[in-house]
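Have a look at my_file_19.cif; it's mmCIF, C-alpha atoms and all ligand atoms:
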```cif
data_entry
#
loop_
_atom_site.group_PDB
_atom_site.id
_atom_site.type_symbol
_atom_site.label_atom_id
_atom_site.label_comp_id
_atom_site.auth_asym_id
_atom_site.auth_seq_id
_atom_site.Cartn_x
_atom_site.Cartn_y
_atom_site.Cartn_z
ATOM 1 C CA MET A 698 0.000 0.000 0.000
ATOM 2 C CA THR A 699 1.294 3.456 -0.770
ATOM 3 C CA ILE A 700 0.233 6.796 0.581
ATOM 4 C CA ASP A 701 0.765 9.923 -1.430
ATOM 5 C CA ILE A 702 1.727 12.166 1.442
ATOM 6 C CA GLU A 703 1.781 15.223 -0.780
ATOM 7 C CA GLU A 704 -1.821 14.674 -1.839
ATOM 8 C CA SER A 705 -3.385 13.433 1.348
ATOM 9 C CA ASP A 706 -4.068 14.148 4.962
ATOM 10 C CA TRP A 707 -1.971 11.217 6.173
ATOM 11 C CA PHE A 708 0.919 12.095 8.420
ATOM 12 C CA PHE A 709 3.870 10.120 9.679
ATOM 13 C CA ALA A 710 3.327 9.522 13.410
ATOM 14 C CA ALA A 711 5.938 7.096 14.704
ATOM 15 C CA LYS A 712 7.948 4.006 14.092
ATOM 16 C CA GLU A 713 5.954 0.870 14.737
ATOM 17 C CA ILE A 714 8.504 -0.398 17.264
ATOM 18 C CA GLU A 715 7.898 2.684 19.452
ATOM 19 C CA ILE A 716 4.252 1.764 20.125
ATOM 20 C CA GLU A 717 3.534 -0.700 22.894
ATOM 21 C CA GLU A 718 0.582 -2.344 24.596
ATOM 22 C CA GLU A 719 -0.843 -0.531 27.601
ATOM 23 C CA GLU A 720 1.434 2.457 27.082
ATOM 24 C CA VAL A 721 0.563 5.606 25.217
ATOM 25 C CA LYS A 722 3.015 7.223 22.856
ATOM 26 C CA VAL A 723 2.063 10.844 22.310
ATOM 27 C CA VAL A 724 2.752 12.516 18.994
ATOM 28 C CA GLN A 725 1.946 15.946 17.682
ATOM 29 C CA VAL A 726 0.314 16.078 14.253
ATOM 30 C CA LEU A 727 -0.357 19.630 13.135
ATOM 31 C CA ASP A 728 -2.052 21.094 16.186
ATOM 32 C CA ARG A 729 -3.453 17.776 17.423
ATOM 33 C CA GLN A 730 -1.995 15.806 20.301
ATOM 34 C CA ILE A 731 -2.551 12.177 19.412
ATOM 35 C CA GLY A 732 -2.106 9.096 21.557
ATOM 36 C CA LEU A 733 -0.902 5.884 19.934
ATOM 37 C CA CYS A 734 -1.403 2.551 21.605
ATOM 38 C CA ARG A 735 -1.277 -1.087 20.605
ATOM 39 C CA PHE A 736 -4.073 -3.515 21.422
ATOM 40 C CA GLU A 737 -4.182 -7.125 20.224
ATOM 41 C CA ASP A 738 -1.413 -6.364 17.726
ATOM 42 C CA ARG A 739 -3.231 -3.446 16.133
ATOM 43 C CA ILE A 740 -2.282 0.173 16.531
ATOM 44 C CA TYR A 741 -4.897 2.749 17.431
ATOM 45 C CA ALA A 742 -4.727 6.535 17.396
ATOM 46 C CA PHE A 743 -6.923 8.755 19.513
ATOM 47 C CA ASP A 744 -7.206 12.318 20.749
ATOM 48 C CA ASN A 745 -4.968 12.538 23.790
ATOM 49 C CA ILE A 746 -7.075 15.274 25.380
ATOM 50 C CA CYS A 747 -9.987 14.147 27.540
ATOM 51 C CA SER A 748 -13.412 15.277 26.321
ATOM 52 C CA HIS A 749 -14.397 16.262 29.851
ATOM 53 C CA GLU A 750 -11.680 18.805 30.592
ATOM 54 C CA ASP A 751 -8.155 19.286 29.338
ATOM 55 C CA ALA A 752 -6.368 16.369 30.969
ATOM 56 C CA CYS A 753 -3.850 14.316 28.994
ATOM 57 C CA LEU A 754 -5.162 10.787 28.712
ATOM 58 C CA SER A 755 -1.604 9.544 28.286
ATOM 59 C CA ASP A 756 -1.103 10.328 31.988
ATOM 60 C CA GLY A 757 -3.894 7.884 32.810
ATOM 61 C CA ILE A 758 -4.069 4.129 32.970
ATOM 62 C CA VAL A 759 -4.461 1.849 29.939
ATOM 63 C CA ASP A 760 -6.212 -1.450 30.527
ATOM 64 C CA GLY A 761 -6.547 -3.470 27.345
ATOM 65 C CA ASP A 762 -8.497 -1.290 24.908
ATOM 66 C CA ARG A 763 -9.598 1.149 27.603
ATOM 67 C CA ILE A 764 -7.966 4.231 28.995
ATOM 68 C CA GLU A 765 -8.845 5.987 32.218
ATOM 69 C CA CYS A 766 -8.411 9.728 32.523
ATOM 70 C CA PRO A 767 -6.013 10.671 35.332
ATOM 71 C CA LEU A 768 -8.070 13.665 36.464
ATOM 72 C CA HIS A 769 -11.623 12.403 37.133
ATOM 73 C CA GLN A 770 -11.339 8.776 35.995
ATOM 74 C CA ALA A 771 -13.652 8.841 32.985
ATOM 75 C CA ARG A 772 -12.927 5.863 30.750
ATOM 76 C CA PHE A 773 -12.774 5.682 26.967
ATOM 77 C CA CYS A 774 -12.358 2.946 24.390
ATOM 78 C CA ILE A 775 -9.132 3.562 22.479
ATOM 79 C CA ARG A 776 -10.481 1.645 19.452
ATOM 80 C CA THR A 777 -13.697 3.639 18.981
ATOM 81 C CA GLY A 778 -13.240 6.749 21.132
ATOM 82 C CA GLU A 779 -16.489 5.978 22.897
ATOM 83 C CA TYR A 780 -16.795 7.302 26.422
ATOM 84 C CA LEU A 781 -17.581 4.509 28.824
ATOM 85 C CA SER A 782 -18.106 6.276 32.119
ATOM 86 C CA ALA A 783 -18.834 9.629 33.725
ATOM 87 C CA PRO A 784 -17.987 12.366 34.165
ATOM 88 C CA ALA A 785 -17.243 12.396 30.425
ATOM 89 C CA THR A 786 -20.334 12.880 28.297
ATOM 90 C CA ALA A 787 -18.675 12.951 24.889
ATOM 91 C CA ASP A 788 -16.469 10.638 22.883
ATOM 92 C CA ILE A 789 -12.884 11.398 21.982
ATOM 93 C CA GLU A 790 -11.883 11.492 18.348
ATOM 94 C CA VAL A 791 -10.091 8.510 16.881
ATOM 95 C CA PHE A 792 -7.933 8.616 13.776
ATOM 96 C CA PRO A 793 -7.422 6.046 11.018
ATOM 97 C CA VAL A 794 -4.029 4.336 11.170
ATOM 98 C CA ARG A 795 -1.955 2.787 8.417
ATOM 99 C CA GLN A 796 1.336 1.028 8.698
ATOM 100 C CA ILE A 797 3.804 0.940 5.846
ATOM 101 C CA GLY A 798 6.830 -1.109 6.692
ATOM 102 C CA GLU A 799 8.048 0.158 10.032
ATOM 103 C CA SER A 800 6.302 3.513 9.731
ATOM 104 C CA VAL A 801 2.930 4.359 11.216
ATOM 105 C CA TYR A 802 0.761 7.055 9.669
ATOM 106 C CA VAL A 803 -2.382 8.688 10.994
ATOM 107 C CA GLN A 804 -5.048 10.469 9.012
ATOM 108 C CA VAL A 805 -5.929 13.890 10.342
ATOM 109 C CA LYS A 806 -8.558 15.702 8.345
ATOM 110 C CA LEU A 807 -7.856 19.370 8.000
ATOM 111 C CA ALA A 808 -11.553 19.962 8.691
ATOM 112 C CA SER A 809 -11.091 18.451 12.152
ATOM 113 C CA LEU A 810 -8.612 21.140 13.077
ATOM 114 C CA THR A 811 -10.265 23.793 15.180
HETATM 115 S S1 LIG A 901 -10.670 15.666 32.710
HETATM 116 FE FE1 LIG A 901 -10.908 13.606 32.128
HETATM 117 S S2 LIG A 901 -12.540 12.892 33.353
HETATM 118 FE FE2 LIG A 901 -12.345 14.958 33.877
#
```
Can you dump the structure from the file as structure tokens?
Ligand code: FES
Amino acid sequence: MTIDIEESDWFFAAKEIEIEEEEVKVVQVLDRQIGLCRFEDRIYAFDNICSHEDACLSDGIVDGDRIECPLHQARFCIRTGEYLSAPATADIEVFPVRQIGESVYVQVKLASLT
């Protein structure tokens, strides 16, 4: 699979070897802070900022495909972005991921930049 970086909204995020299970690697893509995490040998990318307030989810606890916010303990699914518990009332954004060789790319739509 090839990605035409010049003609797309796919961005290099990290080397595959840098992304581990139950640990969040944080990368900056444009003005988005994105968390990368591995679950069952797939890599997922999600907004690293909690939808409740401005806590960094990467400072929280990852348990399988779930992450718990360090500030008020809301939980989210890292695969879908779905919020799973209060006090969050909104999902976090997730980003498509592609791996080419050892490189991991995430798709960040320019329209999602606010
Ligand atoms: S800031 Fe994440 S649950 Fe409140």
Expected answer as a PyMOL selection string: residues within 10 Å of ligand LIG 901 (chain A), only C-alpha atoms and all ligand atoms = chain A and resi 746-754+757+765-773+780+782-786
Report as an MDAnalysis selection string the residues that result from applying the PyMOL selection byres (((chain A and resi 733) around 12) and not hetatm) to the structure here.
-> chainID A and resid 710:726 730:732 734:736 739:745 754:755 759 762 764 775:776 791:795 801:803
Output C-alpha atoms of each residue in that selection to a file, as a PDB file, in the frame of the given file.
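Saved result, out-v8.pdb, follows:
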```pdb
ATOM      1  CA  ALA A 710       3.327   9.522  13.410  1.00  0.00           C
ATOM      2  CA  ALA A 711       5.938   7.096  14.704  1.00  0.00           C
ATOM      3  CA  LYS A 712       7.948   4.006  14.092  1.00  0.00           C
ATOM      4  CA  GLU A 713       5.954   0.870  14.737  1.00  0.00           C
ATOM      5  CA  ILE A 714       8.504  -0.398  17.264  1.00  0.00           C
ATOM      6  CA  GLU A 715       7.898   2.684  19.452  1.00  0.00           C
ATOM      7  CA  ILE A 716       4.252   1.764  20.125  1.00  0.00           C
ATOM      8  CA  GLU A 717       3.534  -0.700  22.894  1.00  0.00           C
ATOM      9  CA  GLU A 718       0.582  -2.344  24.596  1.00  0.00           C
ATOM     10  CA  GLU A 719      -0.843  -0.531  27.601  1.00  0.00           C
ATOM     11  CA  GLU A 720       1.434   2.457  27.082  1.00  0.00           C
ATOM     12  CA  VAL A 721       0.563   5.606  25.217  1.00  0.00           C
ATOM     13  CA  LYS A 722       3.015   7.223  22.856  1.00  0.00           C
ATOM     14  CA  VAL A 723       2.063  10.844  22.310  1.00  0.00           C
ATOM     15  CA  VAL A 724       2.752  12.516  18.994  1.00  0.00           C
ATOM     16  CA  GLN A 725       1.946  15.946  17.682  1.00  0.00           C
ATOM     17  CA  VAL A 726       0.314  16.078  14.253  1.00  0.00           C
ATOM     18  CA  GLN A 730      -1.995  15.806  20.301  1.00  0.00           C
ATOM     19  CA  ILE A 731      -2.551  12.177  19.412  1.00  0.00           C
ATOM     20  CA  GLY A 732      -2.106   9.096  21.557  1.00  0.00           C
ATOM     21  CA  CYS A 734      -1.403   2.551  21.605  1.00  0.00           C
ATOM     22  CA  ARG A 735      -1.277  -1.087  20.605  1.00  0.00           C
ATOM     23  CA  PHE A 736      -4.073  -3.515  21.422  1.00  0.00           C
ATOM     24  CA  ARG A 739      -3.231  -3.446  16.133  1.00  0.00           C
ATOM     25  CA  ILE A 740      -2.282   0.173  16.531  1.00  0.00           C
ATOM     26  CA  TYR A 741      -4.897   2.749  17.431  1.00  0.00           C
ATOM     27  CA  ALA A 742      -4.727   6.535  17.396  1.00  0.00           C
ATOM     28  CA  PHE A 743      -6.923   8.755  19.513  1.00  0.00           C
ATOM     29  CA  ASP A 744      -7.206  12.318  20.749  1.00  0.00           C
ATOM     30  CA  ASN A 745      -4.968  12.538  23.790  1.00  0.00           C
ATOM     31  CA  LEU A 754      -5.162  10.787  28.712  1.00  0.00           C
ATOM     32  CA  SER A 755      -1.604   9.544  28.286  1.00  0.00           C
ATOM     33  CA  VAL A 759      -4.461   1.849  29.939  1.00  0.00           C
ATOM     34  CA  ASP A 762      -8.497  -1.290  24.908  1.00  0.00           C
ATOM     35  CA  ILE A 764      -7.966   4.231  28.995  1.00  0.00           C
ATOM     36  CA  ILE A 775      -9.132   3.562  22.479  1.00  0.00           C
ATOM     37  CA  ARG A 776     -10.481   1.645  19.452  1.00  0.00           C
ATOM     38  CA  VAL A 791     -10.091   8.510  16.881  1.00  0.00           C
ATOM     39  CA  PHE A 792      -7.933   8.616  13.776  1.00  0.00           C
ATOM     40  CA  PRO A 793      -7.422   6.046  11.018  1.00  0.00           C
ATOM     41  CA  VAL A 794      -4.029   4.336  11.170  1.00  0.00           C
ATOM     42  CA  ARG A 795      -1.955   2.787   8.417  1.00  0.00           C
ATOM     43  CA  VAL A 801       2.930   4.359  11.216  1.00  0.00           C
ATOM     44  CA  TYR A 802       0.761   7.055   9.669  1.00  0.00           C
ATOM     45  CA  VAL A 803      -2.382   8.688  10.994  1.00  0.00           C
TER      46      VAL A 803
END
```
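A straight line drawn from CA of Asp706 in chain A to CA of Glu779 in chain A is 23.3 Å long.
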Would you please work out which residue, of A:Leu807, A:Gln796, A:Ala787, A:Leu781, is nearest to Asp738 in chain A when using only C-alpha atoms?
-> A:Gln796
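In this model, the gap between CA of Arg729 in chain A and CA of Phe708 in chain A comes to 11.5 Å.
The gap separating CA of Asp760 in chain A from CA of Ile797 in chain A is 26.7 Å, in Å to one decimal.
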Output requested as a PDB file, keeping the file's coordinate frame - range 785-797 of chain A, filled out with N, CA and C atoms.
```
ATOM      1  N   ALA A 785     -17.227  12.057  31.851  1.00  0.00           N
ATOM      2  CA  ALA A 785     -17.243  12.396  30.425  1.00  0.00           C
ATOM      3  C   ALA A 785     -18.645  12.159  29.869  1.00  0.00           C
ATOM      4  N   THR A 786     -19.040  13.033  28.960  1.00  0.00           N
ATOM      5  CA  THR A 786     -20.334  12.880  28.297  1.00  0.00           C
ATOM      6  C   THR A 786     -20.170  12.913  26.786  1.00  0.00           C
ATOM      7  N   ALA A 787     -18.936  12.918  26.328  1.00  0.00           N
ATOM      8  CA  ALA A 787     -18.675  12.951  24.889  1.00  0.00           C
ATOM      9  C   ALA A 787     -17.512  12.030  24.556  1.00  0.00           C
ATOM     10  N   ASP A 788     -17.547  11.502  23.352  1.00  0.00           N
ATOM     11  CA  ASP A 788     -16.469  10.638  22.883  1.00  0.00           C
ATOM     12  C   ASP A 788     -15.214  11.461  22.608  1.00  0.00           C
ATOM     13  N   ILE A 789     -14.103  10.776  22.494  1.00  0.00           N
ATOM     14  CA  ILE A 789     -12.884  11.398  21.982  1.00  0.00           C
ATOM     15  C   ILE A 789     -12.735  10.975  20.531  1.00  0.00           C
ATOM     16  N   GLU A 790     -12.063  11.806  19.764  1.00  0.00           N
ATOM     17  CA  GLU A 790     -11.883  11.492  18.348  1.00  0.00           C
ATOM     18  C   GLU A 790     -10.846  10.382  18.184  1.00  0.00           C
ATOM     19  N   VAL A 791     -11.095   9.501  17.252  1.00  0.00           N
ATOM     20  CA  VAL A 791     -10.091   8.510  16.881  1.00  0.00           C
ATOM     21  C   VAL A 791      -9.684   8.766  15.438  1.00  0.00           C
ATOM     22  N   PHE A 792      -8.505   8.319  15.082  1.00  0.00           N
ATOM     23  CA  PHE A 792      -7.933   8.616  13.776  1.00  0.00           C
ATOM     24  C   PHE A 792      -7.564   7.317  13.065  1.00  0.00           C
ATOM     25  N   PRO A 793      -7.852   7.224  11.776  1.00  0.00           N
ATOM     26  CA  PRO A 793      -7.422   6.046  11.018  1.00  0.00           C
ATOM     27  C   PRO A 793      -5.906   5.894  11.056  1.00  0.00           C
ATOM     28  N   VAL A 794      -5.456   4.653  11.086  1.00  0.00           N
ATOM     29  CA  VAL A 794      -4.029   4.336  11.170  1.00  0.00           C
ATOM     30  C   VAL A 794      -3.656   3.428  10.012  1.00  0.00           C
ATOM     31  N   ARG A 795      -2.516   3.687   9.420  1.00  0.00           N
ATOM     32  CA  ARG A 795      -1.955   2.787   8.417  1.00  0.00           C
ATOM     33  C   ARG A 795      -0.500   2.560   8.750  1.00  0.00           C
ATOM     34  N   GLN A 796      -0.068   1.349   8.487  1.00  0.00           N
ATOM     35  CA  GLN A 796       1.336   1.028   8.698  1.00  0.00           C
ATOM     36  C   GLN A 796       1.949   0.644   7.372  1.00  0.00           C
ATOM     37  N   ILE A 797       3.059   1.269   7.055  1.00  0.00           N
ATOM     38  CA  ILE A 797       3.804   0.940   5.846  1.00  0.00           C
ATOM     39  C   ILE A 797       5.211   0.597   6.276  1.00  0.00           C
TER      40      ILE A 797
END
```
